[in-house]
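**Q** Next up, query02.txt (compact mmCIF, C-alpha atoms).
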```
# COMPACT_ATOMS: atom_id res chain seq x y z
CA MET A 772 -11.75 7.14 10.05
CA SER A 773 -10.00 8.65 7.11
CA ALA A 774 -9.41 7.79 3.48
CA LEU A 775 -6.24 6.13 2.43
CA THR A 776 -4.54 7.01 -0.83
CA LEU A 777 -2.31 4.51 -2.55
CA THR A 778 -0.55 5.60 -5.72
CA THR A 779 2.54 4.76 -7.69
CA GLU A 780 5.29 7.23 -8.40
CA ALA A 781 7.91 7.17 -11.14
CA ASP A 782 7.62 3.40 -11.68
CA ARG A 783 9.65 2.83 -8.55
CA TYR A 784 7.61 3.70 -5.52
CA VAL A 785 4.28 3.16 -3.90
CA VAL A 786 3.12 6.20 -1.97
CA VAL A 787 0.56 5.86 0.77
CA THR A 788 -1.03 8.80 2.57
CA ARG A 789 -3.37 8.71 5.55
CA ARG A 790 -4.59 11.32 8.04
CA PHE A 791 -4.80 10.58 11.73
CA ALA A 792 -6.65 12.50 14.43
CA ALA A 793 -3.63 12.59 16.73
CA LYS A 794 -0.44 14.61 16.98
CA PRO A 795 2.65 13.49 15.04
CA GLU A 796 4.31 12.49 18.30
CA LEU A 797 1.68 9.87 19.01
CA VAL A 798 1.55 8.58 15.44
CA TYR A 799 5.34 8.36 15.37
CA ARG A 800 5.38 6.44 18.64
CA ALA A 801 2.69 4.10 17.32
CA HIS A 802 5.08 3.27 14.45
CA THR A 803 8.21 2.71 16.53
CA ASP A 804 7.21 1.38 19.96
CA PRO A 805 6.82 -2.42 19.68
CA ALA A 806 4.22 -2.57 22.45
CA ILE A 807 2.03 -0.18 20.44
CA ILE A 808 2.84 -1.63 16.99
CA GLN A 809 1.66 -5.01 18.21
CA LYS A 810 -1.80 -3.57 18.85
CA TRP A 811 -2.56 -2.63 15.26
CA LEU A 812 -0.10 -3.91 12.64
CA PHE A 813 -1.56 -7.31 11.99
CA GLY A 814 -3.89 -7.24 9.01
CA PRO A 815 -7.09 -9.20 8.76
CA ASP A 816 -9.13 -11.04 11.37
CA GLY A 817 -7.68 -14.37 12.31
CA TRP A 818 -4.08 -13.12 12.12
CA THR A 819 -2.06 -12.25 15.18
CA MET A 820 1.40 -10.84 15.66
CA PRO A 821 3.22 -13.15 18.11
CA VAL A 822 6.62 -11.53 17.50
CA CYS A 823 7.09 -7.77 17.43
CA GLU A 824 10.57 -6.38 17.93
CA SER A 825 11.45 -2.82 17.03
CA ASP A 826 14.72 -1.30 18.16
CA ALA A 827 14.08 2.26 17.04
CA ARG A 828 17.56 3.65 16.55
CA PRO A 829 19.79 3.81 13.47
CA GLY A 830 20.91 0.26 12.72
CA GLY A 831 18.32 -1.12 15.13
CA ARG A 832 16.60 -4.35 14.22
CA ILE A 833 13.00 -4.93 13.21
CA HIS A 834 11.46 -8.37 13.46
CA TYR A 835 7.76 -9.03 13.04
CA LYS A 836 6.02 -12.34 12.74
CA TRP A 837 2.39 -12.93 11.88
CA ALA A 838 0.42 -16.13 12.27
CA ASN A 839 -3.13 -17.11 11.48
CA ASP A 840 -5.48 -19.61 13.01
CA GLN A 841 -4.84 -22.08 10.17
CA GLY A 842 -1.21 -22.51 11.12
CA HIS A 843 0.22 -20.22 8.44
CA SER A 844 2.85 -17.71 9.35
CA PHE A 845 5.33 -15.34 7.76
CA SER A 846 7.81 -12.87 9.06
CA LEU A 847 9.44 -9.60 8.23
CA THR A 848 12.90 -8.45 9.22
CA GLY A 849 14.49 -5.08 8.75
CA GLU A 850 16.75 -2.36 10.02
CA TYR A 851 16.19 1.25 10.92
CA VAL A 852 18.31 3.63 8.85
CA ALA A 853 17.38 7.05 10.20
CA LEU A 854 14.93 8.40 12.76
CA GLU A 855 13.89 11.99 13.29
CA PRO A 856 11.43 12.13 16.19
CA PHE A 857 8.57 12.81 15.50
CA SER A 858 8.64 13.55 11.81
CA ARG A 859 10.49 10.90 9.82
CA ILE A 860 11.46 7.24 9.85
CA VAL A 861 13.63 5.56 7.23
CA HIS A 862 13.93 1.81 7.35
CA ILE A 863 14.62 -1.21 5.17
CA GLU A 864 12.47 -4.32 5.37
CA ARG A 865 12.01 -7.65 3.64
CA MET A 866 9.44 -10.36 3.99
CA HIS A 867 10.22 -14.04 4.36
CA LEU A 868 7.68 -15.96 2.32
CA PRO A 869 9.67 -18.02 3.28
CA ASP A 870 12.41 -16.88 0.86
CA PRO A 871 13.41 -13.29 1.53
CA THR A 872 11.90 -10.74 -0.86
CA PRO A 873 14.09 -7.94 -2.27
CA ASP A 874 14.75 -5.15 0.22
CA ASN A 875 11.95 -2.65 0.54
CA HIS A 876 13.20 0.85 1.34
CA VAL A 877 10.55 2.74 3.26
CA GLU A 878 10.42 6.38 4.24
CA THR A 879 7.59 7.45 6.53
CA ARG A 880 6.90 11.10 7.22
CA PHE A 881 4.57 12.60 9.82
CA GLU A 882 3.48 16.21 9.35
CA PRO A 883 1.18 18.26 11.55
CA ASP A 884 -2.18 18.62 9.83
CA GLY A 885 -4.54 20.83 11.80
CA SER A 886 -4.93 19.07 15.13
CA GLY A 887 -3.88 15.76 13.55
CA THR A 888 -1.19 14.24 11.40
CA LEU A 889 -0.69 13.61 7.72
CA MET A 890 1.38 10.49 7.23
CA THR A 891 3.14 9.88 3.91
CA MET A 892 4.81 6.54 3.39
CA ARG A 893 6.97 5.97 0.32
CA MET A 894 8.14 2.46 -0.33
CA THR A 895 9.85 0.51 -3.06
CA LEU A 896 7.52 -0.98 -5.62
CA PRO A 897 7.85 -4.75 -5.34
CA ASP A 898 8.55 -6.70 -8.51
CA ALA A 899 6.04 -9.10 -10.02
CA ALA A 900 7.50 -12.16 -8.27
CA THR A 901 7.27 -10.45 -4.89
CA ARG A 902 3.70 -9.32 -5.51
CA GLU A 903 2.84 -12.89 -6.45
CA ALA A 904 4.47 -14.25 -3.30
CA MET A 905 2.63 -11.69 -1.17
CA LEU A 906 -0.69 -12.66 -2.69
CA LYS A 907 0.09 -16.31 -2.08
CA THR A 908 0.60 -15.94 1.66
CA GLY A 909 -3.12 -16.30 1.96
CA MET A 910 -3.35 -12.73 3.12
CA ALA A 911 -5.61 -12.00 0.20
CA ASP A 912 -7.97 -14.85 1.04
CA GLY A 913 -8.10 -13.96 4.70
CA MET A 914 -8.78 -10.36 3.86
CA GLU A 915 -11.51 -11.23 1.44
CA THR A 916 -13.17 -13.38 4.08
CA SER A 917 -12.99 -10.80 6.82
CA TYR A 918 -14.08 -8.07 4.44
CA LYS A 919 -17.18 -10.06 3.56
CA ARG A 920 -17.78 -10.68 7.26
CA LEU A 921 -17.66 -6.95 7.82
CA GLU A 922 -20.08 -6.31 4.96
CA ASN A 923 -22.49 -8.80 6.48
CA MET A 924 -22.34 -6.95 9.77
CA LEU A 925 -23.20 -3.59 8.22
CA MET B 538 8.77 -5.79 -13.61
CA HIS B 539 5.31 -4.81 -14.64
CA ASN B 540 5.15 -1.09 -15.17
CA LEU B 541 2.50 0.19 -12.78
CA ASP B 542 2.69 3.83 -13.74
CA SER B 543 2.21 3.09 -17.41
CA ALA B 544 -0.73 0.85 -16.51
CA PHE B 545 -2.36 3.65 -14.55
CA PHE B 546 -1.62 6.15 -17.30
CA ALA B 547 -3.11 3.78 -19.86
CA LEU B 548 -6.24 3.31 -17.76
CA SER B 549 -6.70 7.04 -17.19
CA ASP B 550 -8.13 7.62 -20.67
CA PRO B 551 -11.83 6.86 -21.35
CA THR B 552 -11.17 5.77 -24.95
CA ARG B 553 -8.54 3.31 -23.81
CA ARG B 554 -10.85 1.97 -21.12
CA ALA B 555 -13.53 1.52 -23.79
CA ILE B 556 -11.03 -0.32 -25.98
CA LEU B 557 -10.19 -2.65 -23.10
CA ALA B 558 -13.87 -3.25 -22.43
CA ARG B 559 -14.42 -4.19 -26.09
CA LEU B 560 -11.40 -6.51 -26.03
CA ALA B 561 -12.88 -8.31 -23.05
CA THR B 562 -15.12 -10.13 -25.53
CA GLY B 563 -12.20 -11.34 -27.64
CA GLU B 564 -9.58 -10.42 -30.21
CA LEU B 565 -10.20 -7.45 -32.49
CA THR B 566 -8.26 -5.73 -35.27
CA VAL B 567 -7.48 -2.01 -35.34
CA MET B 568 -10.15 -1.53 -37.97
CA GLU B 569 -12.78 -3.25 -35.87
CA LEU B 570 -11.74 -1.29 -32.82
CA ALA B 571 -11.84 2.04 -34.66
CA GLU B 572 -15.40 1.49 -35.86
CA PRO B 573 -17.46 2.65 -32.87
CA PHE B 574 -15.14 5.58 -32.15
CA GLU B 575 -15.12 8.72 -34.22
CA MET B 576 -11.44 8.37 -34.59
CA SER B 577 -8.95 7.61 -37.31
CA GLN B 578 -7.11 4.33 -37.35
CA PRO B 579 -3.78 6.03 -36.61
CA ALA B 580 -5.35 7.64 -33.53
CA VAL B 581 -6.64 4.27 -32.34
CA SER B 582 -3.23 2.79 -33.08
CA ARG B 583 -1.63 5.35 -30.79
CA HIS B 584 -3.98 4.32 -27.98
CA LEU B 585 -3.16 0.68 -28.66
CA LYS B 586 0.54 1.47 -28.44
CA VAL B 587 0.01 2.95 -24.96
CA LEU B 588 -1.98 -0.11 -23.89
CA GLU B 589 0.63 -2.43 -25.35
CA ASP B 590 3.51 -0.60 -23.62
CA ALA B 591 1.63 -0.96 -20.36
CA ARG B 592 1.26 -4.68 -21.13
CA LEU B 593 -2.49 -4.46 -20.80
CA ILE B 594 -2.90 -5.82 -24.32
CA SER B 595 -0.77 -7.81 -26.72
CA ARG B 596 -0.83 -7.99 -30.52
CA ARG B 597 0.07 -10.75 -32.88
CA ALA B 598 0.71 -10.68 -36.61
CA GLU B 599 -1.87 -12.38 -38.81
CA GLY B 600 -1.29 -11.64 -42.47
CA THR B 601 -1.53 -7.89 -42.85
CA THR B 602 -3.49 -7.34 -39.63
CA ARG B 603 -2.34 -7.35 -36.04
CA PRO B 604 -5.26 -8.46 -33.85
CA CYS B 605 -5.22 -7.19 -30.25
CA ARG B 606 -6.18 -9.04 -27.15
CA LEU B 607 -6.27 -8.41 -23.42
CA GLU B 608 -3.31 -9.42 -21.32
CA ALA B 609 -5.41 -10.46 -18.39
CA ASP B 610 -2.47 -11.57 -16.28
CA GLY B 611 -0.75 -8.22 -16.35
CA MET B 612 -3.83 -6.36 -15.31
CA GLN B 613 -4.91 -8.83 -12.68
CA GLY B 614 -1.50 -9.00 -11.04
CA VAL B 615 -1.33 -5.26 -10.50
CA GLU B 616 -4.92 -4.82 -9.49
CA GLN B 617 -4.91 -7.72 -7.10
CA TRP B 618 -1.76 -6.58 -5.41
CA LEU B 619 -2.96 -2.99 -5.07
CA ALA B 620 -6.32 -4.16 -3.78
CA MET B 621 -4.62 -6.39 -1.24
CA MET B 622 -2.33 -3.59 -0.09
CA ARG B 623 -5.20 -1.13 0.14
CA GLU B 624 -7.24 -3.57 2.15
CA ALA B 625 -4.40 -4.57 4.48
CA LEU B 626 -3.30 -0.99 5.11
CA SER B 627 -6.84 0.29 5.56
CA ARG B 628 -7.59 -2.32 8.18
CA ASN B 629 -4.37 -1.66 10.04
CA PHE B 630 -4.77 2.11 9.97
CA ASP B 631 -8.42 1.93 11.02
CA ARG B 632 -7.25 -0.13 13.96
CA LEU B 633 -4.47 2.40 14.60
CA ASP B 634 -7.14 5.13 14.82
CA HIS B 635 -8.52 3.36 17.87
CA VAL B 636 -5.08 2.81 19.38
CA LEU B 637 -4.30 6.52 18.95
CA ALA B 638 -7.61 7.47 20.55
CA SER B 639 -6.75 5.46 23.64
CA MET B 640 -3.22 6.90 23.68
CA GLN B 641 -4.76 10.37 23.62
CA ALA B 642 -7.11 9.47 26.44
CA GLU B 643 -4.05 8.32 28.38
CA THR B 644 -2.26 11.61 27.64
CA ARG B 645 -5.30 13.59 28.78
CA ARG B 646 -5.43 11.70 32.05
CA THR B 647 -1.82 12.56 32.84
CA LYS B 648 -1.87 16.05 31.24
CA PRO B 649 -5.11 17.95 31.65
CA ALA B 650 -4.24 20.46 28.90
CA ARG B 651 -6.51 20.19 25.87
CA LEU B 652 -4.79 18.42 23.02
CA THR B 653 -5.90 20.99 20.48
CA ARG B 654 -4.07 23.64 22.44
CA ASN B 655 -0.92 21.68 23.01
CA ARG B 656 2.22 23.35 21.82
CA PRO B 657 5.12 21.01 21.17
CA SER B 658 6.59 22.17 24.47
CA ARG B 659 5.80 18.85 26.08
CA LYS B 660 8.84 16.91 27.03
CA ARG B 661 10.21 14.78 24.24
CA SER B 662 10.34 11.16 25.10
CA THR B 663 13.66 10.10 23.71
CA ARG B 664 12.86 6.89 21.96
CA LYS B 665 16.32 5.84 20.94
```
Would it be possible to restate this file's structure as structure tokens?
**A**
Amino acid sequence: MSALTLTTEADRYVVVTRRFAAKPELVYRAHTDPAIIQKWLFGPDGWTMPVCESDARPGGRIHYKWANDQGHSFSLTGEYVALEPFSRIVHIERMHLPDPTPDNHVETRFEPDGSGTLMTMRMTLPDAATREAMLKTGMADGMETSYKRLENML
Amino acid sequence: MHNLDSAFFALSDPTRRAILARLATGELTVMELAEPFEMSQPAVSRHLKVLEDARLISRRAEGTTRPCRLEADGMQGVEQWLAMMREALSRNFDRLDHVLASMQAETRRTKPARLTRNRPSRKRSTRK
């Protein structure tokens, strides 16, 4: 398990870095292959990812949908812009909450780091309305709950 | 759009954090804020300008003074969103750690070579 950094850059981007104990090829595949994405990209307990489409080629479509056990759901659509196996992915995405949020331009880089990978993800900083909408999906509540559950287990 | 960078810059200074902490109890004038700090009023005013530009505080005119107060919404919005993102991403990536471990186990079963020794000579799976 490794520490995540989350910082802002030049008022316009959010930059996330994370190290993984696997080669860039595997980390890249885990970000592009829908069968693998579906195993991890679904947030807090109680949420599942019933739809996971990822057509990893330039112009290829992305469609994710998440649902929780209280009947809430939201989706994300996007398009791949550029792919450089196994080092770089550029894509555009937007959430539907249910109105579409402004396009989020995301660049994800995978660099060898010892025997593992350093991933750097740079995305567009969402505006205040989008942040508000994201918080209102109930993701925050669900996360808080599952976080507390985890604390109780420790 | 709320300016995240200026908020982080504003929060990076201990004097400005102390000013925010004092404002948590209510409105204060520059003079009142300057009191506990060994600092001139103009110096405190410069800090207040940074906090105001970052929309962490607001000031209103009252006679000759301009009392300051916290802009709780601005701060909460940013912090909540960042906290949510951090939490969501951390959970997903912790889960990805496990997925990668099982992918590696799979790779080892099919290719006995130790992963730490692997050169990128393995065949590239064209994922297009």
**Q** How many Å lie between atom CA of Ala598 of chain B and atom CA of Ile556 of chain B, rounded to one decimal?
**A**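 For atom CA of Ala598 of chain B relative to atom CA of Ile556 of chain B, the distance reads 18.9 Å.
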**Q** If we count all atoms listed in the file and set the cut-off at 10 Å, which residues sit around Met568 of chain B, ignoring sequence neighbours fewer than 6 positions away in its own chain? Please answer as a list in words.
**A**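 Skipping anything fewer than 6 positions along the chain leaves Ser577, Gln578, Pro579, Val581, Ser582, Thr602, Arg603 and Pro604 of chain B.
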**Q** Quick one: residues within 12 Å of Thr601 of chain B, only C-alpha atoms counted, chain neighbours fewer than 4 positions away excluded, as a PDB file with C-alpha atoms, in the coordinates of the input?
**A**
```pdb
ATOM      1  CA  THR B 566      -8.260  -5.730 -35.270  1.00  0.00           C
ATOM      2  CA  VAL B 567      -7.480  -2.010 -35.340  1.00  0.00           C
ATOM      3  CA  MET B 568     -10.150  -1.530 -37.970  1.00  0.00           C
ATOM      4  CA  ARG B 597       0.070 -10.750 -32.880  1.00  0.00           C
TER       5      ARG B 597
END
```
**Q** Identify, on the basis of all atoms listed in the file, every residue whose closest approach to Gly885 of chain A does not exceed 10 Å; exclude the query and any residue fewer than 4 positions from it along the same chain; express the result as a PyMOL selection string.
**A** (chain A and resi 792-794+889) or (chain B and resi 653)
**Q** Go through B:Arg628, B:His584, B:Arg592, B:Arg554 and flag the residue nearest chain A, using only C-alpha atoms for the distances.
**A**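 Looking at the shortest contact to chain A, the residue is B:Arg628.
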**Q** Which residue is closest to chain B? Choose from A:Ser844, A:Thr788, A:Thr879, A:Thr872 and count only C-alpha atoms.
**A**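 Ranked by minimum distance to chain B, first place goes to A:Thr788.
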**Q** Please determine, counting all atoms listed in the file, which residue among B:Ala561, B:Glu569, B:Arg632, B:Ser549 has the shortest atom-to-atom distance to chain A.
**A**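 Result for the nearest residue to chain A: B:Arg632.
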**Q** Counting all atoms listed in the file, figure out which residue out of A:Ser846, A:Ser886, A:Thr901, A:Thr778 gets nearest to chain B.
**A**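 Closest candidate: A:Ser886.
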**Q** Just to confirm, what's the straight-line distance from atom CA of Ala591 of chain B to atom CA of Thr895 of chain A in Å (one decimal)?
**A**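 Those two atoms sit 19.2 Å apart.
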**Q** Would you compute the distance between atom CA of Arg828 of chain A and atom CA of Leu797 of chain A? Give it in Å to one decimal.
**A**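 Separation between atom CA of Arg828 of chain A and atom CA of Leu797 of chain A: 17.2 Å.
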**Q** Within 12 Å of Asp874 of chain A, counting all atoms listed in the file, which residues qualify if same-chain residues fewer than 6 places away don't, as an MDAnalysis selection string?
**A** chainID A and resid 847:850 862:867 894:898 901
**Q** Hey, which of A:Lys907, A:Arg902, A:His834, A:His843 ends up closest to chain B? Count all atoms listed in the file.
**A**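 Of A:Lys907, A:Arg902, A:His834, A:His843, the one nearest chain B is A:Arg902, counting all atoms listed in the file.
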**Q** What would the list of residues within 9 Å of (-10.3, 5.1, 4.1) (file frame) look like as a list of chain:residue names, if all atoms listed in the file are what count?
**A**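 Residues with an atom close enough to that point: A:Met772, A:Ser773, A:Ala774, A:Leu775, A:Thr776, A:Arg789, B:Arg623, B:Ser627, B:Arg628, B:Phe630, B:Asp631.
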**Q** Given the choices A:Asp870, A:Glu824, A:Glu855, A:Glu878, which gets closest to chain B if the distance is worked out from all atoms listed in the file?
**A** A:Glu855
